[in-house]
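Structure file query-v9.pdb with PDB, C-alpha atoms:
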```
ATOM      1  CA  MET A   1      81.893 196.541 235.019  1.00  0.00           C
ATOM      2  CA  THR A   2      80.652 194.816 231.890  1.00  0.00           C
ATOM      3  CA  PHE A   3      77.163 194.759 230.472  1.00  0.00           C
ATOM      4  CA  PRO A   4      75.648 192.032 228.317  1.00  0.00           C
ATOM      5  CA  ASN A   5      75.155 192.851 224.674  1.00  0.00           C
ATOM      6  CA  GLU A   6      71.659 193.948 223.953  1.00  0.00           C
ATOM      7  CA  PRO A   7      69.797 192.244 221.117  1.00  0.00           C
ATOM      8  CA  GLU A   8      69.295 195.516 219.245  1.00  0.00           C
ATOM      9  CA  PRO A   9      71.564 198.492 218.673  1.00  0.00           C
ATOM     10  CA  ARG A  10      70.735 201.482 220.823  1.00  0.00           C
ATOM     11  CA  ILE A  11      70.792 203.727 217.744  1.00  0.00           C
ATOM     12  CA  ALA A  12      70.017 202.092 214.415  1.00  0.00           C
ATOM     13  CA  PRO A  13      72.720 202.805 211.823  1.00  0.00           C
ATOM     14  CA  LEU A  14      71.625 204.859 208.848  1.00  0.00           C
ATOM     15  CA  SER A  15      72.350 203.450 205.405  1.00  0.00           C
ATOM     16  CA  THR A  16      75.917 204.103 204.299  1.00  0.00           C
ATOM     17  CA  ASP A  17      74.573 204.162 200.755  1.00  0.00           C
ATOM     18  CA  ASP A  18      73.995 207.812 201.652  1.00  0.00           C
ATOM     19  CA  LEU A  19      77.632 208.556 202.492  1.00  0.00           C
ATOM     20  CA  ARG A  20      78.645 211.659 200.594  1.00  0.00           C
ATOM     21  CA  PRO A  21      81.226 211.172 197.801  1.00  0.00           C
ATOM     22  CA  GLU A  22      83.704 213.442 199.616  1.00  0.00           C
ATOM     23  CA  TRP A  23      83.445 211.252 202.733  1.00  0.00           C
ATOM     24  CA  LEU A  24      84.138 208.140 200.660  1.00  0.00           C
ATOM     25  CA  GLU A  25      87.196 209.884 199.189  1.00  0.00           C
ATOM     26  CA  ILE A  26      88.459 210.576 202.706  1.00  0.00           C
ATOM     27  CA  LEU A  27      87.884 206.961 203.807  1.00  0.00           C
ATOM     28  CA  ALA A  28      89.687 205.680 200.702  1.00  0.00           C
ATOM     29  CA  ARG A  29      92.880 207.257 202.097  1.00  0.00           C
ATOM     30  CA  LEU A  30      92.985 204.813 205.024  1.00  0.00           C
ATOM     31  CA  PRO A  31      95.996 202.491 204.744  1.00  0.00           C
ATOM     32  CA  GLY A  32      95.575 198.870 203.748  1.00  0.00           C
ATOM     33  CA  LYS A  33      92.553 196.884 202.679  1.00  0.00           C
ATOM     34  CA  GLY A  34      91.275 195.721 206.068  1.00  0.00           C
ATOM     35  CA  LEU A  35      88.623 198.432 206.422  1.00  0.00           C
ATOM     36  CA  GLN A  36      87.412 198.033 202.849  1.00  0.00           C
ATOM     37  CA  GLY A  37      85.046 195.513 201.269  1.00  0.00           C
ATOM     38  CA  GLU A  38      83.612 193.127 203.852  1.00  0.00           C
ATOM     39  CA  GLY A  39      85.620 194.923 206.556  1.00  0.00           C
ATOM     40  CA  PHE A  40      84.054 198.321 205.823  1.00  0.00           C
ATOM     41  CA  PRO A  41      82.708 199.626 209.165  1.00  0.00           C
ATOM     42  CA  ARG A  42      79.343 200.609 207.752  1.00  0.00           C
ATOM     43  CA  ASN A  43      77.410 200.213 210.982  1.00  0.00           C
ATOM     44  CA  VAL A  44      79.499 202.601 213.074  1.00  0.00           C
ATOM     45  CA  LEU A  45      79.633 205.068 210.194  1.00  0.00           C
ATOM     46  CA  GLY A  46      75.847 204.728 209.897  1.00  0.00           C
ATOM     47  CA  VAL A  47      75.510 205.663 213.560  1.00  0.00           C
ATOM     48  CA  LEU A  48      77.850 208.643 213.152  1.00  0.00           C
ATOM     49  CA  MET A  49      75.712 209.816 210.234  1.00  0.00           C
ATOM     50  CA  GLN A  50      73.155 210.892 212.850  1.00  0.00           C
ATOM     51  CA  ASN A  51      75.087 214.179 212.851  1.00  0.00           C
ATOM     52  CA  GLN A  52      76.130 214.798 209.285  1.00  0.00           C
ATOM     53  CA  GLU A  53      77.405 218.289 210.069  1.00  0.00           C
ATOM     54  CA  THR A  54      80.269 216.889 212.129  1.00  0.00           C
ATOM     55  CA  LEU A  55      80.928 213.612 210.310  1.00  0.00           C
ATOM     56  CA  GLY A  56      82.856 215.006 207.335  1.00  0.00           C
ATOM     57  CA  PRO A  57      85.218 217.230 209.366  1.00  0.00           C
ATOM     58  CA  PHE A  58      85.769 214.429 211.885  1.00  0.00           C
ATOM     59  CA  LEU A  59      86.586 211.864 209.170  1.00  0.00           C
ATOM     60  CA  ASP A  60      89.007 214.284 207.532  1.00  0.00           C
ATOM     61  CA  TYR A  61      90.763 214.959 210.843  1.00  0.00           C
ATOM     62  CA  TRP A  62      90.882 211.258 211.749  1.00  0.00           C
ATOM     63  CA  VAL A  63      92.230 209.979 208.422  1.00  0.00           C
ATOM     64  CA  THR A  64      94.624 212.904 207.907  1.00  0.00           C
ATOM     65  CA  SER A  65      96.082 212.613 211.398  1.00  0.00           C
ATOM     66  CA  LYS A  66      96.564 208.845 211.044  1.00  0.00           C
ATOM     67  CA  SER A  67      98.416 209.332 207.754  1.00  0.00           C
ATOM     68  CA  LYS A  68     100.622 212.137 209.105  1.00  0.00           C
ATOM     69  CA  MET A  69     101.573 210.528 212.418  1.00  0.00           C
ATOM     70  CA  GLY A  70     105.116 209.450 213.138  1.00  0.00           C
ATOM     71  CA  LEU A  71     103.809 206.013 214.157  1.00  0.00           C
ATOM     72  CA  THR A  72     103.932 203.386 211.420  1.00  0.00           C
ATOM     73  CA  VAL A  73     100.671 201.695 210.454  1.00  0.00           C
ATOM     74  CA  ARG A  74     101.802 198.580 212.337  1.00  0.00           C
ATOM     75  CA  GLU A  75     102.517 200.638 215.469  1.00  0.00           C
ATOM     76  CA  GLN A  76      99.121 202.311 215.174  1.00  0.00           C
ATOM     77  CA  GLU A  77      97.397 198.947 214.822  1.00  0.00           C
ATOM     78  CA  LEU A  78      99.151 197.567 217.912  1.00  0.00           C
ATOM     79  CA  VAL A  79      97.832 200.535 219.896  1.00  0.00           C
ATOM     80  CA  ILE A  80      94.342 200.309 218.375  1.00  0.00           C
ATOM     81  CA  LEU A  81      94.084 196.602 219.181  1.00  0.00           C
ATOM     82  CA  ARG A  82      95.192 197.306 222.750  1.00  0.00           C
ATOM     83  CA  MET A  83      92.576 200.069 222.978  1.00  0.00           C
ATOM     84  CA  ALA A  84      89.961 197.521 221.883  1.00  0.00           C
ATOM     85  CA  VAL A  85      91.033 195.241 224.735  1.00  0.00           C
ATOM     86  CA  LEU A  86      91.083 198.024 227.316  1.00  0.00           C
ATOM     87  CA  TYR A  87      87.610 199.221 226.316  1.00  0.00           C
ATOM     88  CA  ARG A  88      86.232 195.715 225.651  1.00  0.00           C
ATOM     89  CA  SER A  89      85.214 196.751 222.138  1.00  0.00           C
ATOM     90  CA  GLU A  90      84.732 193.689 219.964  1.00  0.00           C
ATOM     91  CA  TYR A  91      83.790 195.986 217.095  1.00  0.00           C
ATOM     92  CA  VAL A  92      87.147 197.800 217.134  1.00  0.00           C
ATOM     93  CA  TRP A  93      89.016 194.527 217.758  1.00  0.00           C
ATOM     94  CA  LYS A  94      87.492 192.584 214.890  1.00  0.00           C
ATOM     95  CA  HIS A  95      87.800 195.385 212.348  1.00  0.00           C
ATOM     96  CA  HIS A  96      91.402 196.100 213.290  1.00  0.00           C
ATOM     97  CA  LEU A  97      92.326 192.442 213.534  1.00  0.00           C
ATOM     98  CA  LYS A  98      92.062 192.385 209.736  1.00  0.00           C
ATOM     99  CA  VAL A  99      94.211 195.511 209.380  1.00  0.00           C
ATOM    100  CA  GLY A 100      96.736 194.358 211.980  1.00  0.00           C
ATOM    101  CA  ARG A 101      97.229 191.026 210.237  1.00  0.00           C
ATOM    102  CA  GLU A 102      97.743 192.860 206.949  1.00  0.00           C
ATOM    103  CA  PHE A 103     100.596 194.806 208.564  1.00  0.00           C
ATOM    104  CA  GLY A 104     102.309 191.785 210.108  1.00  0.00           C
ATOM    105  CA  ILE A 105     100.755 191.382 213.542  1.00  0.00           C
ATOM    106  CA  GLY A 106     100.718 187.639 214.209  1.00  0.00           C
ATOM    107  CA  GLY A 107      99.011 185.280 216.619  1.00  0.00           C
ATOM    108  CA  ALA A 108     101.583 185.427 219.426  1.00  0.00           C
ATOM    109  CA  GLU A 109     101.540 189.229 219.294  1.00  0.00           C
ATOM    110  CA  LEU A 110      97.746 189.277 219.402  1.00  0.00           C
ATOM    111  CA  ASP A 111      97.830 187.079 222.501  1.00  0.00           C
ATOM    112  CA  ALA A 112     100.374 189.427 224.093  1.00  0.00           C
ATOM    113  CA  ILE A 113      98.156 192.426 223.335  1.00  0.00           C
ATOM    114  CA  ARG A 114      95.169 190.636 224.870  1.00  0.00           C
ATOM    115  CA  GLN A 115      97.180 189.856 228.019  1.00  0.00           C
ATOM    116  CA  GLY A 116      99.078 193.130 228.293  1.00  0.00           C
ATOM    117  CA  ALA A 117     102.407 191.274 228.169  1.00  0.00           C
ATOM    118  CA  TYR A 118     104.855 193.207 226.010  1.00  0.00           C
ATOM    119  CA  ALA A 119     108.290 191.680 226.715  1.00  0.00           C
ATOM    120  CA  ALA A 120     108.651 190.194 223.217  1.00  0.00           C
ATOM    121  CA  PHE A 121     108.015 193.486 221.407  1.00  0.00           C
ATOM    122  CA  ALA A 122     110.783 195.774 220.170  1.00  0.00           C
ATOM    123  CA  ASP A 123     111.550 198.730 222.459  1.00  0.00           C
ATOM    124  CA  ARG A 124     109.579 201.269 220.442  1.00  0.00           C
ATOM    125  CA  GLU A 125     106.466 199.084 220.139  1.00  0.00           C
ATOM    126  CA  ARG A 126     106.667 198.109 223.808  1.00  0.00           C
ATOM    127  CA  ALA A 127     106.868 201.787 224.760  1.00  0.00           C
ATOM    128  CA  PHE A 128     103.734 202.607 222.760  1.00  0.00           C
ATOM    129  CA  LEU A 129     101.812 199.725 224.343  1.00  0.00           C
ATOM    130  CA  GLU A 130     102.935 200.507 227.908  1.00  0.00           C
ATOM    131  CA  LEU A 131     102.065 204.178 227.422  1.00  0.00           C
ATOM    132  CA  THR A 132      98.648 203.252 226.036  1.00  0.00           C
ATOM    133  CA  ASP A 133      97.938 201.231 229.167  1.00  0.00           C
ATOM    134  CA  ALA A 134      98.998 204.145 231.372  1.00  0.00           C
ATOM    135  CA  PHE A 135      96.976 206.717 229.421  1.00  0.00           C
ATOM    136  CA  VAL A 136      93.826 204.606 229.702  1.00  0.00           C
ATOM    137  CA  ASN A 137      94.206 202.970 233.111  1.00  0.00           C
ATOM    138  CA  GLU A 138      95.903 205.792 235.007  1.00  0.00           C
ATOM    139  CA  ARG A 139      94.888 208.744 232.795  1.00  0.00           C
ATOM    140  CA  SER A 140      98.409 209.907 233.362  1.00  0.00           C
ATOM    141  CA  LEU A 141     102.058 209.352 232.488  1.00  0.00           C
ATOM    142  CA  PRO A 142     103.827 208.118 235.619  1.00  0.00           C
ATOM    143  CA  PRO A 143     107.368 209.528 236.098  1.00  0.00           C
ATOM    144  CA  GLU A 144     109.058 206.124 235.919  1.00  0.00           C
ATOM    145  CA  LEU A 145     107.327 205.325 232.599  1.00  0.00           C
ATOM    146  CA  TRP A 146     108.243 208.775 231.274  1.00  0.00           C
ATOM    147  CA  ASP A 147     111.892 208.179 232.237  1.00  0.00           C
ATOM    148  CA  ARG A 148     111.895 204.736 230.594  1.00  0.00           C
ATOM    149  CA  THR A 149     110.201 205.747 227.337  1.00  0.00           C
ATOM    150  CA  ARG A 150     111.582 209.210 226.598  1.00  0.00           C
ATOM    151  CA  GLY A 151     114.911 207.673 225.593  1.00  0.00           C
ATOM    152  CA  VAL A 152     113.092 205.449 223.080  1.00  0.00           C
ATOM    153  CA  LEU A 153     110.500 207.855 221.651  1.00  0.00           C
ATOM    154  CA  ALA A 154     110.778 211.361 220.234  1.00  0.00           C
ATOM    155  CA  PRO A 155     108.618 214.215 221.590  1.00  0.00           C
ATOM    156  CA  ARG A 156     106.423 213.968 218.486  1.00  0.00           C
ATOM    157  CA  ASP A 157     105.762 210.285 219.245  1.00  0.00           C
ATOM    158  CA  PHE A 158     104.197 211.164 222.596  1.00  0.00           C
ATOM    159  CA  VAL A 159     101.936 213.786 221.010  1.00  0.00           C
ATOM    160  CA  ASP A 160     100.945 211.445 218.163  1.00  0.00           C
ATOM    161  CA  LEU A 161     100.244 208.596 220.571  1.00  0.00           C
ATOM    162  CA  ILE A 162      97.980 210.781 222.726  1.00  0.00           C
ATOM    163  CA  SER A 163      96.107 211.761 219.560  1.00  0.00           C
ATOM    164  CA  LEU A 164      95.713 208.141 218.468  1.00  0.00           C
ATOM    165  CA  VAL A 165      94.581 206.955 221.902  1.00  0.00           C
ATOM    166  CA  SER A 166      92.037 209.765 222.125  1.00  0.00           C
ATOM    167  CA  GLN A 167      90.646 208.893 218.690  1.00  0.00           C
ATOM    168  CA  TYR A 168      90.128 205.278 219.711  1.00  0.00           C
ATOM    169  CA  VAL A 169      88.508 206.249 222.999  1.00  0.00           C
ATOM    170  CA  PHE A 170      85.898 207.823 220.716  1.00  0.00           C
ATOM    171  CA  TRP A 171      85.595 204.759 218.453  1.00  0.00           C
ATOM    172  CA  ALA A 172      85.514 202.267 221.312  1.00  0.00           C
ATOM    173  CA  LEU A 173      83.002 204.210 223.402  1.00  0.00           C
ATOM    174  CA  THR A 174      80.747 204.755 220.403  1.00  0.00           C
ATOM    175  CA  ASN A 175      80.676 201.035 219.665  1.00  0.00           C
ATOM    176  CA  VAL A 176      80.383 199.795 223.238  1.00  0.00           C
ATOM    177  CA  CYS A 177      77.936 202.393 224.570  1.00  0.00           C
ATOM    178  CA  LEU A 178      75.646 202.387 221.547  1.00  0.00           C
ATOM    179  CA  GLN A 179      75.850 198.597 220.992  1.00  0.00           C
ATOM    180  CA  VAL A 180      76.835 198.982 217.336  1.00  0.00           C
ATOM    181  CA  PRO A 181      76.291 195.598 215.655  1.00  0.00           C
ATOM    182  CA  LEU A 182      79.128 193.841 213.854  1.00  0.00           C
ATOM    183  CA  GLU A 183      78.890 193.437 210.106  1.00  0.00           C
ATOM    184  CA  PRO A 184      78.692 189.845 208.778  1.00  0.00           C
ATOM    185  CA  GLY A 185      82.122 190.158 207.120  1.00  0.00           C
ATOM    186  CA  VAL A 186      83.893 190.450 210.481  1.00  0.00           C
ATOM    187  CA  ALA A 187      81.467 188.842 212.936  1.00  0.00           C
ATOM    188  CA  ASP A 188      83.119 185.406 212.781  1.00  0.00           C
ATOM    189  CA  LEU A 189      86.685 186.641 213.305  1.00  0.00           C
ATOM    190  CA  PRO A 190      88.329 185.752 216.629  1.00  0.00           C
ATOM    191  CA  GLY A 191      87.336 188.156 219.365  1.00  0.00           C
ATOM    192  CA  ILE A 192      89.193 189.697 222.249  1.00  0.00           C
ATOM    193  CA  GLU A 193      88.940 186.469 224.228  1.00  0.00           C
ATOM    194  CA  GLY A 194      90.545 184.580 221.354  1.00  0.00           C
TER     195      GLY A 194
END
```
Re-express the file's structure as structure tokens.
Amino acid sequence: MTFPNEPEPRIAPLSTDDLRPEWLEILARLPGKGLQGEGFPRNVLGVLMQNQETLGPFLDYWVTSKSKMGLTVREQELVILRMAVLYRSEYVWKHHLKVGREFGIGGAELDAIRQGAYAAFADRERAFLELTDAFVNERSLPPELWDRTRGVLAPRDFVDLISLVSQYVFWALTNVCLQVPLEPGVADLPGIEG
């Protein structure tokens, strides 16, 4: 079921001018430039600032885990873009479109991610994408997918992928459920529908 976008956010973002210096230091550790400058996700961070007691620890966990995962940044971005499609989150899609492009994800790959058609991807990337679909759509790991992917991925890869998927369930649900508005710097980028 889809719902039309509401004209106003459900929770108005607080000003990110009030982000604590230690939070900005954490965010500066994110790879690439896509989430900086005009791509800085100030509106979702402004919404998360509603609970400042949890924001700092969450940001530290999120950024640290992304930097310590066995998945490359490109592999993470493939999964994050697929999560955006599965959760219909234009906010996640448009912000990570910039990052994905920076790490070599091209137009044909973006179309494949939109369609859930992974034949052209390398075995490891295809495994991550197929597993992401199963984790979200089936909330499980079917035996035949386990058998097919465990020869391609290490045990750590499965654990890291579950962590990444769970993080982007949070980001996607926050943006979709609370109608977080897109920032002008990303609003005109191609959306999930292309």
With only C-alpha atoms as the basis for distance, which of A:His95, A:Arg82, A:Arg150, A:Arg29 is at the shortest distance from Pro181 (chain A)? A:His95
For the structure shown, which residues end up in the PyMOL selection byres ((chain A and resi 186) around 8)? Put them as an MDAnalysis selection string, please? chainID A and resid 38:39 94:95 182:185 187:189
To one decimal in Å, tell me the separation between CA of Ala119 (chain A) and CA of Arg156 (chain A). 23.8 Å
Let me know the residues the PyMOL selection byres ((chain A and resi 83) around 8) catches in the file above, as a list of chain:residue names. A:Val79, A:Ile80, A:Leu81, A:Arg82, A:Ala84, A:Val85, A:Leu86, A:Tyr87, A:Thr132, A:Val165, A:Tyr168, A:Val169, A:Ala172
Suppose a student applies the PyMOL selection byres ((chain A and resi 160) around 12) to this structure; what residues should they get, written as a list of chain:residue names? A:Trp62, A:Ser65, A:Lys66, A:Ser67, A:Lys68, A:Met69, A:Gly70, A:Leu71, A:Thr72, A:Glu75, A:Gln76, A:Val79, A:Phe128, A:Leu131, A:Thr132, A:Leu153, A:Ala154, A:Pro155, A:Arg156, A:Asp157, A:Phe158, A:Val159, A:Leu161, A:Ile162, A:Ser163, A:Leu164, A:Val165, A:Ser166, A:Gln167
Ile192 (chain A) surroundings by only C-alpha atoms, 7 Å radius, close-in-sequence under 5 positions cut, as a list of chain:residue names: A:Val85, A:Glu90, A:Trp93, A:Arg114
